[in-house]
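Pasted below: input_22.txt, compact mmCIF, C-alpha atoms (C1' of nucleotides).
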# COMPACT_ATOMS: atom_id res chain seq x y z
CA MET A 1055 78.95 16.59 13.79
CA SER A 1056 77.94 16.82 10.17
CA ALA A 1057 74.70 15.34 8.96
CA THR A 1058 76.56 12.81 6.86
CA GLU A 1059 78.30 11.07 9.72
CA THR A 1060 76.34 8.92 12.06
CA LYS A 1061 76.88 9.46 15.73
CA SER A 1062 79.08 6.72 17.16
CA ARG A 1063 77.13 3.66 18.15
CA SER A 1064 78.36 1.49 20.99
CA GLY A 1065 75.75 0.90 23.65
CA PRO A 1066 72.41 -0.88 23.24
CA GLY A 1067 69.61 0.33 21.05
CA ARG A 1068 67.85 -0.53 17.86
CA PRO A 1069 70.11 -0.19 14.82
CA ARG A 1070 69.18 1.95 11.85
CA CYS A 1071 67.30 0.05 9.18
CA TYR A 1072 68.31 2.20 6.22
CA ASP A 1073 71.50 3.37 4.57
CA GLU A 1074 72.17 6.97 5.36
CA ALA A 1075 74.25 7.68 2.25
CA ALA A 1076 71.62 6.11 0.01
CA ALA A 1077 68.93 8.16 1.71
CA LEU A 1078 70.92 11.34 1.20
CA ASP A 1079 71.35 10.50 -2.46
CA ALA A 1080 67.61 9.94 -2.80
CA ALA A 1081 67.01 13.36 -1.29
CA LEU A 1082 69.53 14.80 -3.72
CA GLN A 1083 67.61 13.39 -6.66
CA VAL A 1084 64.38 14.96 -5.45
CA PHE A 1085 65.96 18.37 -4.97
CA TRP A 1086 67.57 18.01 -8.37
CA SER A 1087 64.25 17.30 -10.05
CA GLN A 1088 62.08 19.77 -8.20
CA GLY A 1089 64.26 22.46 -6.67
CA PHE A 1090 64.33 23.42 -3.01
CA GLU A 1091 61.11 25.37 -2.53
CA ALA A 1092 58.95 22.96 -4.51
CA THR A 1093 60.11 19.98 -2.47
CA SER A 1094 58.17 19.00 0.65
CA ILE A 1095 59.24 16.84 3.55
CA ASP A 1096 56.77 14.21 2.39
CA ASP A 1097 58.42 14.22 -1.04
CA LEU A 1098 61.75 13.64 0.66
CA THR A 1099 60.76 11.00 3.16
CA SER A 1100 58.87 8.92 0.62
CA ALA A 1101 61.76 9.05 -1.83
CA MET A 1102 64.24 8.27 0.92
CA GLY A 1103 62.08 5.43 2.22
CA ILE A 1104 62.21 6.60 5.81
CA SER A 1105 59.71 8.05 8.23
CA ARG A 1106 59.39 11.63 9.26
CA SER A 1107 60.94 11.10 12.66
CA SER A 1108 63.87 9.22 11.20
CA PHE A 1109 64.34 12.04 8.76
CA TYR A 1110 64.50 14.73 11.42
CA SER A 1111 66.55 12.57 13.73
CA ALA A 1112 69.18 11.84 11.10
CA PHE A 1113 69.23 15.01 9.01
CA GLY A 1114 67.91 17.76 11.24
CA SER A 1115 65.80 19.78 8.83
CA LYS A 1116 64.89 20.31 5.23
CA GLU A 1117 67.55 22.98 4.90
CA GLN A 1118 70.26 20.84 6.48
CA VAL A 1119 69.59 17.79 4.34
CA PHE A 1120 69.53 20.08 1.35
CA LEU A 1121 72.93 21.55 2.14
CA ALA A 1122 74.33 18.09 2.81
CA ALA A 1123 73.03 16.88 -0.54
CA LEU A 1124 74.40 19.94 -2.28
CA LYS A 1125 77.85 19.41 -0.82
CA ALA A 1126 77.80 15.73 -1.72
CA TYR A 1127 76.85 16.61 -5.28
CA SER A 1128 79.60 19.21 -5.47
CA ALA A 1129 82.23 16.80 -4.23
CA ARG A 1130 81.10 14.10 -6.65
CA ALA A 1131 80.98 16.42 -9.66
CA LEU A 1132 84.32 17.99 -8.89
CA GLY A 1133 85.89 14.57 -8.45
CA ALA A 1134 84.64 13.45 -11.83
CA LEU A 1135 85.90 16.64 -13.41
CA GLN A 1136 89.29 16.29 -11.83
CA ASP A 1137 89.54 12.71 -13.08
CA MET A 1138 88.83 13.97 -16.57
CA SER A 1139 91.40 16.70 -16.29
CA GLN A 1140 94.05 14.13 -15.53
CA GLN A 1141 93.25 11.83 -18.40
CA PRO A 1142 96.50 11.55 -20.33
CA ALA A 1143 94.74 10.97 -23.64
CA GLY A 1144 93.99 13.97 -25.81
CA ASP A 1145 92.65 17.31 -24.79
CA PRO A 1146 90.66 17.09 -21.57
CA VAL A 1147 88.97 20.48 -21.93
CA PRO A 1148 86.27 19.54 -24.45
CA ALA A 1149 85.36 16.52 -22.36
CA MET A 1150 85.13 18.66 -19.25
CA LEU A 1151 82.92 21.19 -21.00
CA SER A 1152 80.72 18.44 -22.29
CA ALA A 1153 80.37 17.04 -18.80
CA LEU A 1154 79.49 20.48 -17.45
CA ALA A 1155 76.89 20.98 -20.15
CA SER A 1156 75.12 17.68 -19.63
CA PRO A 1157 75.82 16.44 -16.12
CA ASP A 1158 73.87 13.22 -16.60
CA GLY A 1159 70.87 14.91 -15.10
CA GLY A 1160 69.28 15.34 -18.50
CA PRO A 1161 66.87 18.26 -18.57
CA ARG A 1162 67.39 18.75 -14.87
CA GLY A 1163 70.68 20.41 -15.67
CA CYS A 1164 73.25 20.87 -12.93
CA LEU A 1165 71.98 20.77 -9.37
CA LEU A 1166 74.41 23.42 -8.23
CA VAL A 1167 73.60 25.83 -11.04
CA ASN A 1168 69.90 25.31 -10.37
CA CYS A 1169 70.37 26.05 -6.69
CA ILE A 1170 72.58 29.07 -7.26
CA THR A 1171 69.93 30.47 -9.55
CA GLU A 1172 67.09 29.74 -7.17
CA LEU A 1173 68.66 30.50 -3.81
CA ALA A 1174 72.07 32.13 -3.85
CA PRO A 1175 70.86 35.75 -3.70
CA HIS A 1176 68.98 35.02 -0.47
CA HIS A 1177 71.04 32.21 1.03
CA PRO A 1178 74.67 32.97 1.89
CA GLU A 1179 75.65 29.36 2.52
CA VAL A 1180 74.31 28.18 -0.83
CA ALA A 1181 76.14 31.09 -2.42
CA ALA A 1182 79.34 30.04 -0.66
CA VAL A 1183 79.05 26.42 -1.79
CA GLY A 1184 78.33 27.58 -5.31
CA ARG A 1185 81.19 30.05 -5.31
CA ALA A 1186 83.65 27.40 -4.16
CA HIS A 1187 82.33 24.92 -6.70
CA LEU A 1188 82.63 27.32 -9.60
CA ALA A 1189 86.05 28.52 -8.50
CA ARG A 1190 87.27 24.93 -8.46
CA ILE A 1191 85.85 24.32 -11.92
CA GLU A 1192 87.54 27.42 -13.27
CA ARG A 1193 90.79 26.33 -11.74
CA LEU A 1194 90.59 22.83 -13.23
CA ILE A 1195 89.89 24.26 -16.66
CA ALA A 1196 92.68 26.82 -16.32
CA GLU A 1197 95.13 24.10 -15.33
CA ALA A 1198 94.10 22.03 -18.31
CA LEU A 1199 94.43 24.99 -20.63
CA SER A 1200 97.79 26.11 -19.35
CA PRO A 1201 99.48 23.67 -16.98
CA ALA A 1202 102.58 25.82 -16.73
CA ASP A 1203 100.79 29.01 -15.77
CA PRO A 1204 97.14 28.45 -14.87
CA GLU A 1205 96.75 32.00 -13.60
CA ALA A 1206 97.28 33.34 -17.09
CA ALA A 1207 94.34 31.29 -18.34
CA THR A 1208 91.84 32.38 -15.70
CA ASP A 1209 89.70 34.59 -17.91
CA ARG A 1210 89.60 32.07 -20.72
CA ALA A 1211 88.73 29.33 -18.26
CA ARG A 1212 85.94 31.43 -16.81
CA ALA A 1213 84.61 32.13 -20.26
CA LEU A 1214 84.58 28.43 -21.11
CA ALA A 1215 82.83 27.65 -17.85
CA ALA A 1216 80.27 30.36 -18.54
CA LEU A 1217 79.74 28.98 -22.02
CA ALA A 1218 79.10 25.48 -20.73
CA ILE A 1219 76.86 26.73 -17.93
CA GLY A 1220 74.92 28.89 -20.34
CA THR A 1221 74.12 25.90 -22.49
CA LEU A 1222 72.22 24.43 -19.53
CA THR A 1223 69.62 27.14 -19.93
CA LEU A 1224 69.42 26.56 -23.66
CA ARG A 1225 68.93 22.87 -22.97
CA LYS A 1226 66.15 23.46 -20.47
CA SER A 1227 64.36 25.68 -22.91
CA GLY A 1228 64.30 22.82 -25.38
CA LEU A 1229 67.38 23.09 -27.57
CA SER A 1230 68.48 19.67 -28.84
CA ALA A 1231 71.58 17.91 -27.57
CA GLU A 1232 73.12 18.16 -31.02
CA ALA A 1233 72.67 21.92 -31.10
CA ILE A 1234 74.27 22.10 -27.67
CA ASP A 1235 77.28 20.21 -28.97
CA ALA A 1236 77.57 22.63 -31.84
CA VAL A 1237 77.54 25.53 -29.40
CA LEU A 1238 80.25 23.95 -27.28
CA LYS A 1239 82.39 23.46 -30.36
CA GLN A 1240 82.36 27.22 -30.80
CA GLY A 1241 84.31 27.34 -27.58
CA HIS A 1242 87.32 26.03 -29.42
CA ALA A 1243 88.01 29.60 -30.38
CA LEU A 1244 88.77 30.19 -26.71
CA LEU A 1245 91.01 27.20 -26.24
CA VAL A 1246 94.19 28.96 -27.21
CA PRO A 1247 95.57 32.31 -26.09
CA PRO A 1248 94.52 35.14 -28.40
CA GLY A 1249 97.01 36.31 -31.00
CA MET B 317 40.86 38.10 -23.13
CA SER B 318 44.40 38.35 -21.87
CA ALA B 319 45.15 39.38 -18.33
CA THR B 320 46.84 42.53 -19.52
CA GLU B 321 43.78 44.09 -21.15
CA THR B 322 40.91 45.31 -19.07
CA LYS B 323 37.47 44.18 -20.07
CA SER B 324 35.63 46.94 -21.90
CA ARG B 325 33.95 49.36 -19.53
CA SER B 326 30.77 51.11 -20.62
CA GLY B 327 27.90 50.68 -18.19
CA PRO B 328 27.80 51.82 -14.59
CA GLY B 329 30.07 50.52 -11.89
CA ARG B 330 32.89 51.64 -9.71
CA PRO B 331 36.08 52.26 -11.67
CA ARG B 332 39.34 50.58 -10.81
CA CYS B 333 41.40 52.50 -8.27
CA TYR B 334 44.80 51.15 -9.32
CA ASP B 335 46.86 50.95 -12.48
CA GLU B 336 46.84 47.47 -13.91
CA ALA B 337 50.14 47.78 -15.74
CA ALA B 338 51.84 49.14 -12.64
CA ALA B 339 50.40 46.34 -10.56
CA LEU B 340 51.64 43.78 -13.06
CA ASP B 341 55.07 45.34 -12.94
CA ALA B 342 55.06 45.18 -9.16
CA ALA B 343 54.22 41.48 -9.38
CA LEU B 344 57.04 41.04 -11.86
CA GLN B 345 59.51 42.56 -9.43
CA VAL B 346 58.45 40.17 -6.68
CA PHE B 347 58.75 37.12 -8.93
CA TRP B 348 62.10 38.41 -10.10
CA SER B 349 63.39 38.73 -6.55
CA GLN B 350 61.95 35.56 -5.08
CA GLY B 351 61.12 33.15 -7.88
CA PHE B 352 57.73 31.57 -8.48
CA GLU B 353 57.47 28.96 -5.74
CA ALA B 354 58.79 31.20 -2.99
CA THR B 355 56.27 33.93 -3.77
CA SER B 356 52.91 33.89 -2.00
CA ILE B 357 49.69 35.65 -2.92
CA ASP B 358 50.15 37.89 0.10
CA ASP B 359 53.61 38.85 -1.16
CA LEU B 360 52.06 39.78 -4.48
CA THR B 361 49.01 41.69 -3.26
CA SER B 362 50.96 43.75 -0.76
CA ALA B 363 53.58 44.66 -3.38
CA MET B 364 50.88 45.42 -5.91
CA GLY B 365 48.91 47.46 -3.41
CA ILE B 366 45.64 45.71 -4.13
CA SER B 367 43.37 43.38 -2.23
CA ARG B 368 43.08 39.67 -2.70
CA SER B 369 39.75 39.89 -4.48
CA SER B 370 41.00 42.58 -6.84
CA PHE B 371 43.99 40.40 -7.57
CA TYR B 372 41.94 37.36 -8.51
CA SER B 373 39.37 39.44 -10.35
CA ALA B 374 41.98 41.16 -12.50
CA PHE B 375 44.65 38.49 -12.91
CA GLY B 376 42.94 35.15 -12.37
CA SER B 377 45.54 33.24 -10.42
CA LYS B 378 49.12 33.18 -9.28
CA GLU B 379 50.11 31.23 -12.35
CA GLN B 380 48.32 33.55 -14.75
CA VAL B 381 49.76 36.73 -13.29
CA PHE B 382 53.14 35.06 -13.37
CA LEU B 383 52.86 34.20 -17.05
CA ALA B 384 51.60 37.69 -17.83
CA ALA B 385 54.56 39.20 -16.00
CA LEU B 386 56.94 36.84 -17.75
CA LYS B 387 55.61 37.79 -21.16
CA ALA B 388 55.76 41.49 -20.32
CA TYR B 389 59.36 41.08 -19.22
CA SER B 390 60.23 39.18 -22.38
CA ALA B 391 58.68 41.82 -24.62
CA ARG B 392 60.44 44.62 -22.77
CA ALA B 393 63.83 42.91 -22.80
CA LEU B 394 63.60 41.94 -26.45
CA GLY B 395 62.56 45.47 -27.37
CA ALA B 396 65.58 46.92 -25.61
CA LEU B 397 67.83 44.39 -27.29
CA GLN B 398 66.41 45.14 -30.69
CA ASP B 399 66.93 48.85 -30.15
CA MET B 400 70.56 48.15 -29.35
CA SER B 401 70.98 45.97 -32.39
CA GLN B 402 69.88 48.85 -34.59
CA GLN B 403 72.17 51.44 -33.09
CA PRO B 404 74.18 52.73 -36.03
CA ALA B 405 77.19 53.56 -33.87
CA GLY B 406 79.88 50.91 -33.47
CA ASP B 407 79.48 47.23 -32.88
CA PRO B 408 76.17 46.43 -31.22
CA VAL B 409 77.09 42.91 -30.16
CA PRO B 410 79.21 43.72 -27.10
CA ALA B 411 76.51 46.06 -25.85
CA MET B 412 73.88 43.39 -26.33
CA LEU B 413 75.97 40.82 -24.48
CA SER B 414 76.56 43.27 -21.68
CA ALA B 415 72.83 43.88 -21.42
CA LEU B 416 72.15 40.15 -21.34
CA ALA B 417 74.74 39.64 -18.64
CA SER B 418 73.47 42.37 -16.33
CA PRO B 419 69.83 43.03 -17.13
CA ASP B 420 69.56 45.83 -14.56
CA GLY B 421 68.24 43.33 -12.09
CA GLY B 422 71.57 43.22 -10.27
CA PRO B 423 72.08 39.92 -8.48
CA ARG B 424 68.59 38.86 -9.45
CA GLY B 425 69.91 38.09 -12.91
CA CYS B 426 67.47 37.66 -15.76
CA LEU B 427 63.89 36.84 -14.84
CA LEU B 428 63.44 34.58 -17.82
CA VAL B 429 66.62 32.62 -17.21
CA ASN B 430 65.64 32.23 -13.57
CA CYS B 431 62.22 30.94 -14.52
CA ILE B 432 63.51 28.59 -17.19
CA THR B 433 65.87 27.13 -14.62
CA GLU B 434 63.23 26.80 -11.93
CA LEU B 435 60.19 25.79 -13.95
CA ALA B 436 60.75 24.91 -17.60
CA PRO B 437 61.26 21.16 -17.09
CA HIS B 438 57.85 20.91 -15.43
CA HIS B 439 55.93 23.74 -17.08
CA PRO B 440 55.48 23.60 -20.86
CA GLU B 441 54.19 27.15 -21.20
CA VAL B 442 57.15 28.63 -19.34
CA ALA B 443 59.39 26.50 -21.52
CA ALA B 444 57.66 27.83 -24.62
CA VAL B 445 58.02 31.46 -23.55
CA GLY B 446 61.66 30.82 -22.71
CA ARG B 447 62.32 29.05 -25.99
CA ALA B 448 60.80 31.88 -28.00
CA HIS B 449 62.71 34.46 -25.99
CA LEU B 450 66.05 32.76 -26.46
CA ALA B 451 65.40 32.10 -30.14
CA ARG B 452 64.72 35.79 -30.67
CA ILE B 453 67.90 36.71 -28.81
CA GLU B 454 69.94 34.34 -30.93
CA ARG B 455 68.42 35.77 -34.06
CA LEU B 456 69.15 39.36 -33.04
CA ILE B 457 72.76 38.49 -32.31
CA ALA B 458 73.11 36.54 -35.53
CA GLU B 459 71.76 39.46 -37.53
CA ALA B 460 74.16 41.80 -35.83
CA LEU B 461 77.06 39.44 -36.49
CA SER B 462 76.23 38.80 -40.11
CA PRO B 463 73.53 41.07 -41.53
CA ALA B 464 73.89 39.60 -44.98
CA ASP B 465 73.50 35.99 -43.92
CA PRO B 466 72.27 35.60 -40.35
CA GLU B 467 71.73 31.87 -40.75
CA ALA B 468 75.43 31.34 -41.17
CA ALA B 469 76.08 32.94 -37.80
CA THR B 470 73.57 30.89 -35.82
CA ASP B 471 76.05 28.76 -33.93
CA ARG B 472 78.30 31.67 -33.07
CA ALA B 473 75.27 33.67 -31.96
CA ARG B 474 74.11 30.81 -29.76
CA ALA B 475 77.54 30.52 -28.24
CA LEU B 476 77.63 34.22 -27.44
CA ALA B 477 74.18 34.00 -25.91
CA ALA B 478 75.25 31.01 -23.84
CA LEU B 479 78.36 32.87 -22.72
CA ALA B 480 76.34 35.87 -21.57
CA ILE B 481 73.72 33.70 -19.90
CA GLY B 482 76.40 31.67 -18.17
CA THR B 483 77.85 34.80 -16.60
CA LEU B 484 74.55 35.27 -14.78
CA THR B 485 75.33 32.20 -12.69
CA LEU B 486 78.85 33.43 -12.04
CA ARG B 487 77.41 36.77 -10.93
CA LYS B 488 74.91 35.15 -8.58
CA SER B 489 77.63 33.12 -7.00
CA GLY B 490 79.48 36.31 -6.16
CA LEU B 491 81.84 37.10 -9.01
CA SER B 492 82.44 40.83 -9.34
CA ALA B 493 81.03 42.91 -12.16
CA GLU B 494 84.56 43.64 -13.36
CA ALA B 495 85.36 39.95 -13.62
CA ILE B 496 82.15 39.44 -15.56
CA ASP B 497 83.20 42.12 -18.02
CA ALA B 498 86.53 40.38 -18.46
CA VAL B 499 84.73 37.13 -19.22
CA LEU B 500 82.49 38.80 -21.76
CA LYS B 501 85.53 40.29 -23.48
CA GLN B 502 86.72 36.76 -24.10
CA GLY B 503 83.70 36.43 -26.34
CA HIS B 504 85.44 38.65 -28.87
CA ALA B 505 87.14 35.54 -30.12
CA LEU B 506 83.71 34.44 -31.32
CA LEU B 507 82.77 37.71 -33.01
CA VAL B 508 84.24 36.82 -36.35
CA PRO B 509 83.91 33.64 -38.40
CA PRO B 510 86.71 31.15 -37.67
CA GLY B 511 89.63 31.04 -40.04
C1' DC C 776 65.07 -12.94 31.56
C1' DT C 777 65.14 -7.61 32.58
C1' DA C 778 66.65 -2.96 31.93
C1' DA C 779 68.43 0.37 29.00
C1' DT C 780 68.60 2.55 24.73
C1' DT C 781 67.52 3.79 20.12
C1' DT C 782 64.52 3.81 15.99
C1' DT C 783 60.13 3.62 14.17
C1' DG C 784 55.44 5.04 12.36
C1' DG C 785 52.15 8.16 12.55
C1' DA C 786 49.20 11.38 15.11
C1' DC C 787 49.45 16.01 16.03
C1' DT C 788 50.46 21.32 15.93
C1' DG C 789 50.19 26.02 14.55
C1' DA C 790 51.19 28.46 10.46
C1' DT C 791 50.67 29.31 5.83
C1' DC C 792 49.29 27.99 1.27
C1' DG C 793 46.18 29.25 -3.04
C1' DG C 794 41.66 30.33 -3.82
C1' DT C 795 36.52 31.57 -2.81
C1' DC C 796 32.87 34.27 -1.08
C1' DC C 797 30.15 37.72 1.02
C1' DT C 798 29.20 42.30 2.46
C1' DG C 799 29.51 47.04 2.03
C1' DA C 800 31.39 51.08 -0.41
C1' DA C 801 31.90 53.55 -4.67
C1' DT C 802 30.42 55.01 -8.98
C1' DT C 803 27.36 55.65 -13.10
C1' DA C 804 23.00 55.61 -15.75
C1' DT C 805 18.46 56.90 -15.42
C1' DA D 1493 17.01 60.23 -5.64
C1' DT D 1494 17.11 55.31 -7.12
C1' DA D 1495 18.62 51.29 -9.36
C1' DA D 1496 22.24 48.90 -11.40
C1' DT D 1497 26.77 47.58 -11.53
C1' DT D 1498 31.49 47.02 -10.22
C1' DC D 1499 35.03 47.17 -6.95
C1' DA D 1500 37.53 46.44 -2.36
C1' DG D 1501 38.34 44.54 2.19
C1' DG D 1502 38.78 40.71 4.70
C1' DA D 1503 36.64 36.59 6.71
C1' DC D 1504 36.73 32.10 5.46
C1' DC D 1505 37.85 27.31 3.19
C1' DG D 1506 40.20 22.84 2.81
C1' DA D 1507 44.81 21.49 1.84
C1' DT D 1508 49.38 21.45 2.76
C1' DC D 1509 53.44 23.25 4.94
C1' DA D 1510 57.72 22.32 8.21
C1' DG D 1511 58.44 20.54 12.40
C1' DT D 1512 57.27 18.12 17.21
C1' DC D 1513 55.96 14.44 20.06
C1' DC D 1514 54.88 10.01 21.92
C1' DA D 1515 53.94 5.30 22.37
C1' DA D 1516 55.33 0.93 20.56
C1' DA D 1517 58.76 -2.04 18.43
C1' DA D 1518 63.48 -3.53 18.07
C1' DT D 1519 67.78 -4.41 19.64
C1' DT D 1520 71.79 -4.99 22.92
C1' DA D 1521 74.12 -5.26 27.56
C1' DG D 1522 74.08 -7.45 31.61

Would you mind writing the file's structure down as structure tokens?
Amino acid sequence: MSATETKSRSGPGRPRCYDEAAALDAALQVFWSQGFEATSIDDLTSAMGISRSSFYSAFGSKEQVFLAALKAYSARALGALQDMSQQPAGDPVPAMLSALASPDGGPRGCLLVNCITELAPHHPEVAAVGRAHLARIERLIAEALSPADPEAATDRARALAALAIGTLTLRKSGLSAEAIDAVLKQGHALLVPPG
Amino acid sequence: MSATETKSRSGPGRPRCYDEAAALDAALQVFWSQGFEATSIDDLTSAMGISRSSFYSAFGSKEQVFLAALKAYSARALGALQDMSQQPAGDPVPAMLSALASPDGGPRGCLLVNCITELAPHHPEVAAVGRAHLARIERLIAEALSPADPEAATDRARALAALAIGTLTLRKSGLSAEAIDAVLKQGHALLVPPG
DNA sequence: CTAATTTTGGACTGATCGGTCCTGAATTAT
DNA sequence: ATAATTCAGGACCGATCAGTCCAAAATTAG
């Protein structure tokens, strides 16, 4: 049973007085703002609006709620990216790169990139989630670059992903949004096969 | 008085029985491996081989030793990069990008990028160190790209820096070193002015 | 109604956190 | 030697950590 699905309720008993998905999203926001290590259970429970016992009963532990939030974020972000990639109008790649470079989190950057940086070397499951997420992103970009033969565009797609991800660090260090856009525009040189 | 310079010794008193620079470097390695929040004072003192009181006497606090280590790392990395940029043989830019993408820390990536990601949004001084570091990197790349007019190469230099920095995330998520090299090679499209 | 069941708030636990302090050892100046 | 000074080890501090537990409230089935 994953932490995101409530155990089946049929018999008697007091019903839950909070929305589990909303609580998970609140936890996600806290992890996004503060990172994993800097976030305490009190930070989480107060943001989620539930008590400590409800927290442990519904989500198991700090690590489990974190992984659940991370997976929810990944699914949401990948969904949005896939929607973009299927937009019939114009070239989807610049829009996708722009979304990667400023995933609405403002200076918080991308939750998954933050967590890969902070935890992946010591946390195999975070590394696995991050690996799958990035692989999917690369694939979506490659398909947008070269629908007929995405495999051929793998390296270019990876380079574009790296470019967009790299701008997150520039942004956190204070570079303006306009300068970030200018950097992303440089990626146009990678949009077409060399030659 | 900065934490890296010992107060002047003249009168009597027991001399220090450890090397301050070596101790600072040991602290740097721990922060590099574990990040700031996940590192405890005990982690630091045992790696540095000194006692708690010596630690506080010489370095002030966890935050101060961290900033000192960060600045030492920045100076060292920028020095190495500048040396590369002045190598007369061949094109220095690919070597610089390669150094940025695998700063000998293996899967630990780049200490400064890690710290910007973890702390910059909440820690102005870390953000300032990171901003200065990245600005210097951009400048070195721009000068290597266009010695006559580095300003004109700013955006391309930033894009190359972002590309190299982005590969650090790919590496942490498990991408092989060979794949990273292939990604960096894609940056060649940005080596020359468009047109 | 009563009995059964589940959630709730918050008290509680042992461990660990960053940081201070005190005592004794080591060293130098006289 | 003796006095002065600095260092090192580790006990100690209040605060906070992640996680447990329990009694009371809430709800439903019968």

Can you list, as a ChimeraX atom specification, every protein, DNA or RNA residue that comes within 9 Å of Arg447 of chain B when you count all atoms listed in the file, leaving out same-chain residues fewer than 5 positions away?
-> /A:1224,1226-1229 /B:432,442,452

Take the residues from that selection and put them in a file with C-alpha atoms, as a short mmCIF file (atom, residue, chain, number, x, y, z; two decimals), keeping the file's coordinate frame.
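New file part-v9.cif:
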data_model
loop_
_atom_site.label_atom_id
_atom_site.label_comp_id
_atom_site.auth_asym_id
_atom_site.auth_seq_id
_atom_site.Cartn_x
_atom_site.Cartn_y
_atom_site.Cartn_z
CA LEU A 1224 69.42 26.56 -23.66
CA LYS A 1226 66.15 23.46 -20.47
CA SER A 1227 64.36 25.68 -22.91
CA GLY A 1228 64.30 22.82 -25.38
CA LEU A 1229 67.38 23.09 -27.57
CA ILE B 432 63.51 28.59 -17.19
CA VAL B 442 57.15 28.63 -19.34
CA ARG B 452 64.72 35.79 -30.67
#

Show me which bits of chain A are within 7 Å of chain C, counting only C-alpha atoms (C1' of nucleotides), as a PDB file with C-alpha atoms, in the coordinates of the input.
ATOM      1  CA  PRO A1066      72.410  -0.880  23.240  1.00  0.00           C
ATOM      2  CA  GLY A1067      69.610   0.330  21.050  1.00  0.00           C
ATOM      3  CA  ARG A1068      67.850  -0.530  17.860  1.00  0.00           C
ATOM      4  CA  PRO A1069      70.110  -0.190  14.820  1.00  0.00           C
ATOM      5  CA  ARG A1070      69.180   1.950  11.850  1.00  0.00           C
ATOM      6  CA  SER A1105      59.710   8.050   8.230  1.00  0.00           C
TER       7      SER A1105
END

Of D:DG1501, D:DG1506, D:DG1511, D:DG1522, the one sitting nearest chain B when using all atoms listed in the file is D:DG1501

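Coordinates place atom CA of Ala411 of chain B at a distance of 16.4 Å from atom CA of Arg392 of chain B.
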
Using all atoms listed in the file, determine which residues of chain B fall within 12 Å of chain D; present them as an MDAnalysis selection string.
-> chainID B and resid 323 325:334 365:374

At a cut-off of 7 Å, list the chain B residues touching chain A, using all atoms listed in the file, as JSON, numbers by chain.
-> {"B": [351, 353, 354, 423, 424, 429, 430, 432, 433, 434, 436, 437, 443, 446, 447, 471, 472, 474, 475, 478, 479, 481, 482, 483, 485, 488, 489, 490, 498, 499, 502, 505, 506]}

In Å, rounded to a single decimal, give me how far atom CA of Ile457 of chain B is from atom CA of Leu397 of chain B.
->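 So the answer is 9.2 Å.
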
In Å, how far is it from atom CA of Ser1128 of chain A to atom CA of Asp1158 of chain A?
->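 Straight-line distance from atom CA of Ser1128 of chain A to atom CA of Asp1158 of chain A works out to 13.9 Å.
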